[in-house]
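Undergrad: Input target_20.cif, format and content: mmCIF, N, CA and C atoms.
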```
data_work
#
loop_
_atom_site.label_atom_id
_atom_site.label_comp_id
_atom_site.auth_asym_id
_atom_site.auth_seq_id
_atom_site.Cartn_x
_atom_site.Cartn_y
_atom_site.Cartn_z
N MET A 20 -21.69 23.58 -6.48
CA MET A 20 -20.79 22.50 -6.17
C MET A 20 -21.25 21.24 -6.89
N ASN A 21 -20.32 20.59 -7.56
CA ASN A 21 -20.63 19.35 -8.25
C ASN A 21 -20.33 18.19 -7.31
N LEU A 22 -21.33 17.43 -6.96
CA LEU A 22 -21.18 16.32 -6.03
C LEU A 22 -20.27 15.23 -6.59
N PHE A 23 -20.29 15.03 -7.90
CA PHE A 23 -19.48 14.01 -8.54
C PHE A 23 -18.55 14.66 -9.57
N ASP A 24 -17.26 14.71 -9.25
CA ASP A 24 -16.26 15.31 -10.13
C ASP A 24 -15.02 14.42 -10.08
N HIS A 25 -14.90 13.53 -11.04
CA HIS A 25 -13.82 12.54 -11.04
C HIS A 25 -12.44 13.21 -11.05
N ALA A 26 -12.26 14.23 -11.84
CA ALA A 26 -10.96 14.91 -11.93
C ALA A 26 -10.57 15.52 -10.58
N GLU A 27 -11.52 16.15 -9.93
CA GLU A 27 -11.24 16.75 -8.62
C GLU A 27 -10.96 15.66 -7.58
N ALA A 28 -11.68 14.56 -7.64
CA ALA A 28 -11.44 13.44 -6.72
C ALA A 28 -10.02 12.90 -6.90
N GLN A 29 -9.59 12.74 -8.13
CA GLN A 29 -8.23 12.25 -8.40
C GLN A 29 -7.17 13.25 -7.93
N ARG A 30 -7.44 14.53 -8.13
CA ARG A 30 -6.50 15.56 -7.68
C ARG A 30 -6.35 15.50 -6.16
N ARG A 31 -7.46 15.42 -5.46
CA ARG A 31 -7.41 15.36 -4.00
C ARG A 31 -6.73 14.08 -3.51
N LYS A 32 -6.96 12.99 -4.20
CA LYS A 32 -6.30 11.73 -3.86
C LYS A 32 -4.79 11.89 -3.98
N SER A 33 -4.33 12.46 -5.06
CA SER A 33 -2.89 12.66 -5.28
C SER A 33 -2.28 13.56 -4.22
N VAL A 34 -2.95 14.64 -3.90
CA VAL A 34 -2.46 15.57 -2.89
C VAL A 34 -2.39 14.89 -1.53
N GLY A 35 -3.44 14.17 -1.17
CA GLY A 35 -3.48 13.49 0.12
C GLY A 35 -2.40 12.42 0.24
N LYS A 36 -2.20 11.64 -0.82
CA LYS A 36 -1.17 10.60 -0.80
C LYS A 36 0.21 11.22 -0.67
N ALA A 37 0.45 12.32 -1.37
CA ALA A 37 1.75 12.98 -1.31
C ALA A 37 2.02 13.52 0.09
N LEU A 38 1.03 14.12 0.71
CA LEU A 38 1.20 14.65 2.07
C LEU A 38 1.49 13.53 3.06
N ALA A 39 0.72 12.46 2.99
CA ALA A 39 0.91 11.32 3.90
C ALA A 39 2.28 10.68 3.68
N ALA A 40 2.67 10.51 2.43
CA ALA A 40 3.96 9.89 2.11
C ALA A 40 5.12 10.74 2.63
N ASP A 41 4.99 12.04 2.52
CA ASP A 41 6.06 12.94 2.96
C ASP A 41 6.26 12.86 4.47
N ARG A 42 5.19 12.68 5.20
CA ARG A 42 5.27 12.63 6.67
C ARG A 42 5.87 11.34 7.20
N ARG A 43 5.87 10.30 6.38
CA ARG A 43 6.37 8.99 6.81
C ARG A 43 7.40 8.46 5.81
N SER A 44 8.20 9.34 5.25
CA SER A 44 9.06 8.98 4.13
C SER A 44 10.03 7.83 4.42
N GLU A 45 10.67 7.82 5.59
CA GLU A 45 11.63 6.75 5.88
C GLU A 45 10.95 5.40 6.03
N LEU A 46 9.87 5.36 6.79
CA LEU A 46 9.15 4.11 6.98
C LEU A 46 8.51 3.64 5.67
N LEU A 47 8.02 4.59 4.89
CA LEU A 47 7.42 4.26 3.60
C LEU A 47 8.47 3.68 2.65
N ALA A 48 9.66 4.24 2.66
CA ALA A 48 10.74 3.71 1.82
C ALA A 48 11.06 2.26 2.19
N ALA A 49 11.08 1.98 3.48
CA ALA A 49 11.33 0.60 3.93
C ALA A 49 10.20 -0.32 3.47
N ALA A 50 8.97 0.11 3.63
CA ALA A 50 7.82 -0.71 3.22
C ALA A 50 7.85 -0.96 1.71
N ARG A 51 8.17 0.04 0.93
CA ARG A 51 8.25 -0.13 -0.52
C ARG A 51 9.37 -1.11 -0.89
N GLY A 52 10.48 -1.01 -0.19
CA GLY A 52 11.58 -1.95 -0.45
C GLY A 52 11.19 -3.37 -0.13
N PHE A 53 10.51 -3.57 0.99
CA PHE A 53 10.05 -4.91 1.34
C PHE A 53 9.04 -5.41 0.30
N ALA A 54 8.14 -4.54 -0.13
CA ALA A 54 7.13 -4.93 -1.11
C ALA A 54 7.79 -5.38 -2.42
N ALA A 55 8.78 -4.63 -2.88
CA ALA A 55 9.47 -4.99 -4.13
C ALA A 55 10.21 -6.31 -3.96
N PHE A 56 10.88 -6.49 -2.83
CA PHE A 56 11.59 -7.74 -2.57
C PHE A 56 10.62 -8.92 -2.59
N LEU A 57 9.52 -8.79 -1.88
CA LEU A 57 8.54 -9.87 -1.80
C LEU A 57 7.93 -10.17 -3.17
N ALA A 58 7.65 -9.15 -3.95
CA ALA A 58 7.07 -9.36 -5.28
C ALA A 58 8.05 -10.09 -6.20
N ARG A 59 9.34 -9.77 -6.07
CA ARG A 59 10.35 -10.47 -6.88
C ARG A 59 10.46 -11.93 -6.46
N GLU A 60 10.36 -12.18 -5.16
CA GLU A 60 10.51 -13.54 -4.64
C GLU A 60 9.27 -14.40 -4.87
N SER A 61 8.09 -13.81 -4.74
CA SER A 61 6.85 -14.59 -4.74
C SER A 61 5.92 -14.29 -5.90
N ILE A 62 6.31 -13.44 -6.81
CA ILE A 62 5.50 -13.00 -7.95
C ILE A 62 4.45 -11.97 -7.53
N THR A 63 3.70 -12.25 -6.45
CA THR A 63 2.68 -11.31 -5.99
C THR A 63 2.93 -10.94 -4.54
N VAL A 64 2.30 -9.85 -4.11
CA VAL A 64 2.49 -9.34 -2.75
C VAL A 64 1.23 -8.59 -2.32
N THR A 65 0.97 -8.62 -1.02
CA THR A 65 -0.16 -7.88 -0.43
C THR A 65 0.36 -7.01 0.71
N SER A 66 -0.49 -6.15 1.19
CA SER A 66 -0.12 -5.34 2.35
C SER A 66 0.13 -6.23 3.57
N ASP A 67 -0.57 -7.34 3.68
CA ASP A 67 -0.32 -8.28 4.78
C ASP A 67 1.10 -8.82 4.72
N ASP A 68 1.55 -9.15 3.52
CA ASP A 68 2.91 -9.66 3.35
C ASP A 68 3.94 -8.62 3.79
N VAL A 69 3.71 -7.38 3.39
CA VAL A 69 4.62 -6.29 3.75
C VAL A 69 4.59 -6.08 5.26
N ALA A 70 3.40 -6.07 5.85
CA ALA A 70 3.28 -5.89 7.31
C ALA A 70 4.02 -6.99 8.05
N GLU A 71 3.92 -8.21 7.57
CA GLU A 71 4.61 -9.33 8.22
C GLU A 71 6.13 -9.17 8.14
N MET A 72 6.63 -8.79 6.97
CA MET A 72 8.07 -8.63 6.84
C MET A 72 8.57 -7.45 7.67
N MET A 73 7.78 -6.39 7.74
CA MET A 73 8.15 -5.25 8.58
C MET A 73 8.22 -5.68 10.04
N ALA A 74 7.26 -6.47 10.50
CA ALA A 74 7.25 -6.92 11.89
C ALA A 74 8.49 -7.76 12.19
N HIS A 75 8.91 -8.58 11.24
CA HIS A 75 10.12 -9.39 11.42
C HIS A 75 11.38 -8.53 11.49
N ASN A 76 11.26 -7.28 11.04
CA ASN A 76 12.38 -6.34 11.08
C ASN A 76 12.14 -5.22 12.09
N ASP A 77 11.30 -5.50 13.08
CA ASP A 77 11.00 -4.56 14.18
C ASP A 77 10.44 -3.22 13.70
N LEU A 78 9.66 -3.26 12.64
CA LEU A 78 8.97 -2.08 12.14
C LEU A 78 7.47 -2.34 12.22
N ASN A 79 6.69 -1.28 12.38
CA ASN A 79 5.25 -1.42 12.56
C ASN A 79 4.52 -0.82 11.36
N TYR A 80 3.90 -1.68 10.57
CA TYR A 80 3.15 -1.25 9.38
C TYR A 80 2.09 -0.22 9.75
N ALA A 81 1.45 -0.38 10.90
CA ALA A 81 0.39 0.54 11.31
C ALA A 81 0.89 1.97 11.46
N GLU A 82 2.19 2.14 11.75
CA GLU A 82 2.75 3.48 11.89
C GLU A 82 2.80 4.25 10.58
N LEU A 83 2.59 3.56 9.47
CA LEU A 83 2.51 4.25 8.18
C LEU A 83 1.30 5.16 8.12
N GLY A 84 0.25 4.80 8.86
CA GLY A 84 -0.97 5.59 8.81
C GLY A 84 -1.49 5.68 7.39
N ASN A 85 -1.88 6.87 6.97
CA ASN A 85 -2.42 7.06 5.63
C ASN A 85 -1.38 6.84 4.54
N ALA A 86 -0.10 6.87 4.89
CA ALA A 86 0.96 6.62 3.90
C ALA A 86 0.94 5.17 3.41
N ALA A 87 0.25 4.29 4.12
CA ALA A 87 0.14 2.90 3.68
C ALA A 87 -0.48 2.82 2.29
N GLY A 88 -1.29 3.78 1.94
CA GLY A 88 -1.90 3.82 0.61
C GLY A 88 -0.91 4.12 -0.50
N SER A 89 0.32 4.45 -0.13
CA SER A 89 1.34 4.77 -1.12
C SER A 89 2.43 3.71 -1.22
N VAL A 90 2.29 2.61 -0.50
CA VAL A 90 3.31 1.55 -0.54
C VAL A 90 3.46 1.01 -1.95
N PHE A 91 2.35 0.70 -2.59
CA PHE A 91 2.39 0.12 -3.93
C PHE A 91 2.34 1.25 -4.96
N ASP A 92 3.53 1.71 -5.33
CA ASP A 92 3.67 2.88 -6.19
C ASP A 92 3.69 2.49 -7.66
N HIS A 93 4.25 3.35 -8.49
CA HIS A 93 4.26 3.17 -9.95
C HIS A 93 4.97 1.90 -10.42
N ARG A 94 5.76 1.28 -9.55
CA ARG A 94 6.47 0.05 -9.93
C ARG A 94 5.58 -1.18 -9.88
N PHE A 95 4.40 -1.04 -9.31
CA PHE A 95 3.49 -2.16 -9.10
C PHE A 95 2.25 -2.03 -9.97
N LYS A 96 1.65 -3.17 -10.23
CA LYS A 96 0.33 -3.18 -10.89
C LYS A 96 -0.58 -4.11 -10.11
N TRP A 97 -1.83 -3.71 -10.02
CA TRP A 97 -2.83 -4.53 -9.35
C TRP A 97 -3.15 -5.70 -10.26
N THR A 98 -3.17 -6.90 -9.71
CA THR A 98 -3.43 -8.11 -10.49
C THR A 98 -4.91 -8.29 -10.82
N GLY A 99 -5.76 -7.50 -10.19
CA GLY A 99 -7.20 -7.66 -10.35
C GLY A 99 -7.80 -8.55 -9.27
N LEU A 100 -6.93 -9.13 -8.46
CA LEU A 100 -7.38 -10.02 -7.39
C LEU A 100 -7.46 -9.29 -6.06
N VAL A 101 -8.40 -9.71 -5.24
CA VAL A 101 -8.49 -9.26 -3.85
C VAL A 101 -8.66 -10.49 -2.97
N ILE A 102 -8.13 -10.41 -1.77
CA ILE A 102 -8.25 -11.50 -0.81
C ILE A 102 -8.55 -10.90 0.56
N PRO A 103 -9.13 -11.67 1.47
CA PRO A 103 -9.37 -11.13 2.81
C PRO A 103 -8.05 -10.99 3.57
N SER A 104 -7.89 -9.90 4.25
CA SER A 104 -6.70 -9.68 5.06
C SER A 104 -6.67 -10.66 6.22
N ARG A 105 -5.44 -11.05 6.60
CA ARG A 105 -5.25 -11.96 7.74
C ARG A 105 -5.00 -11.21 9.04
N ARG A 106 -4.74 -9.90 8.96
CA ARG A 106 -4.45 -9.13 10.16
C ARG A 106 -5.73 -8.83 10.92
N PRO A 107 -5.77 -9.16 12.21
CA PRO A 107 -6.99 -8.89 12.99
C PRO A 107 -7.40 -7.42 12.96
N SER A 108 -6.45 -6.52 12.91
CA SER A 108 -6.77 -5.09 12.94
C SER A 108 -7.57 -4.64 11.72
N THR A 109 -7.56 -5.42 10.65
CA THR A 109 -8.29 -5.04 9.43
C THR A 109 -9.70 -5.60 9.39
N HIS A 110 -10.04 -6.43 10.39
CA HIS A 110 -11.39 -7.02 10.46
C HIS A 110 -11.73 -7.82 9.20
N GLY A 111 -10.71 -8.39 8.58
CA GLY A 111 -10.93 -9.26 7.42
C GLY A 111 -11.33 -8.55 6.14
N ARG A 112 -11.09 -7.25 6.06
CA ARG A 112 -11.47 -6.54 4.83
C ARG A 112 -10.68 -7.08 3.64
N MET A 113 -11.16 -6.82 2.47
CA MET A 113 -10.50 -7.28 1.26
C MET A 113 -9.31 -6.38 0.94
N ILE A 114 -8.19 -7.00 0.56
CA ILE A 114 -7.00 -6.25 0.18
C ILE A 114 -6.57 -6.67 -1.21
N LYS A 115 -5.91 -5.77 -1.92
CA LYS A 115 -5.48 -6.05 -3.28
C LYS A 115 -4.22 -6.90 -3.30
N VAL A 116 -4.09 -7.67 -4.37
CA VAL A 116 -2.90 -8.46 -4.65
C VAL A 116 -2.15 -7.76 -5.77
N TRP A 117 -0.86 -7.49 -5.55
CA TRP A 117 -0.05 -6.69 -6.46
C TRP A 117 1.09 -7.53 -7.05
N SER A 118 1.62 -7.07 -8.17
CA SER A 118 2.84 -7.64 -8.74
C SER A 118 3.67 -6.48 -9.29
N LEU A 119 4.92 -6.75 -9.56
CA LEU A 119 5.77 -5.73 -10.18
C LEU A 119 5.39 -5.60 -11.65
N LYS A 120 5.53 -4.42 -12.20
CA LYS A 120 5.23 -4.20 -13.63
C LYS A 120 6.29 -4.88 -14.48
#
```
Please rewrite the model in this file as structure tokens.
TA:
Amino acid sequence: MNLFDHAEAQRRKSVGKALAADRRSELLAAARGFAAFLARESITVTSDDVAEMMAHNDLNYAELGNAAGSVFDHRFKWTGLVIPSRRPSTHGRMIKVWSLK
């Protein structure tokens, strides 16, 4: 067994993201739509921004579970920036700042 295998790690990441996304497809579609809207309006967007907009629309970002990792899909690019999350549930961890491609 090779402890470090980048190709296998990427394969497993893709499989896991696809499984999680499939299980939460409707909620994920809403989150992606909100993310794209916010990025068009504000240039950049974070998961906090999406969670806030979802809450204003009676949706719960936390219900995405592991599918939250698929919100920022091929339409987005990471800006290279990270900021501390404002949501208490994240304990202030760093989150990526995204923009549309």
Undergrad: Env of stretch 76-82 of chain A: 8 Å cut, atoms = only N, CA and C atoms, seq-sep filter 5 positions within chain, self excluded. Answer as a ChimeraX atom specification.
TA: /A:43,46-47,50,69-71,87
Undergrad: Show me, as a ChimeraX atom specification, the residues that have an atom within 9 Å of A:Lys120 when counting only C-alpha atoms, minus same-chain residues fewer than 4 positions from it.
TA: /A:93-96
Undergrad: For A:Val116, which of A:Thr63, A:Ala86, A:His25, A:Leu57 is the closest residue, counting all atoms listed in the file?
TA: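 With all atoms listed in the file as the atom set, the closest residue is A:Thr63.
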Undergrad: So what does the PyMOL selection byres (((chain A and resi 27-38 and name CA) around 8) and name CA) actually pick up in this one, as a PyMOL selection string?
TA: chain A and resi 24-26+39-42+85-86+88-89
Undergrad: So how far away is atom N of A:Gly99 from atom CA of A:Met72, in Å?
TA: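 It comes out at 22.0 Å.
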Undergrad: Apply DSSP to the backbone of this structure and, from chain A, keep only the residues in alpha helix (DSSP H); write these as a VMD selection string.
TA: chain A and resid 25 to 42 44 to 61 66 to 75
Undergrad: Is it possible to get the axis-aligned box enclosing stretch 76-86 of chain A (all listed atoms, 3 Å extra per side) as JSON, with centre and edge lengths in Å rounded to one decimal?
TA:
```
{"center_x": 5.0, "center_y": -0.1, "center_z": 8.8, "size_x": 20.8, "size_y": 20.3, "size_z": 16.8}
```
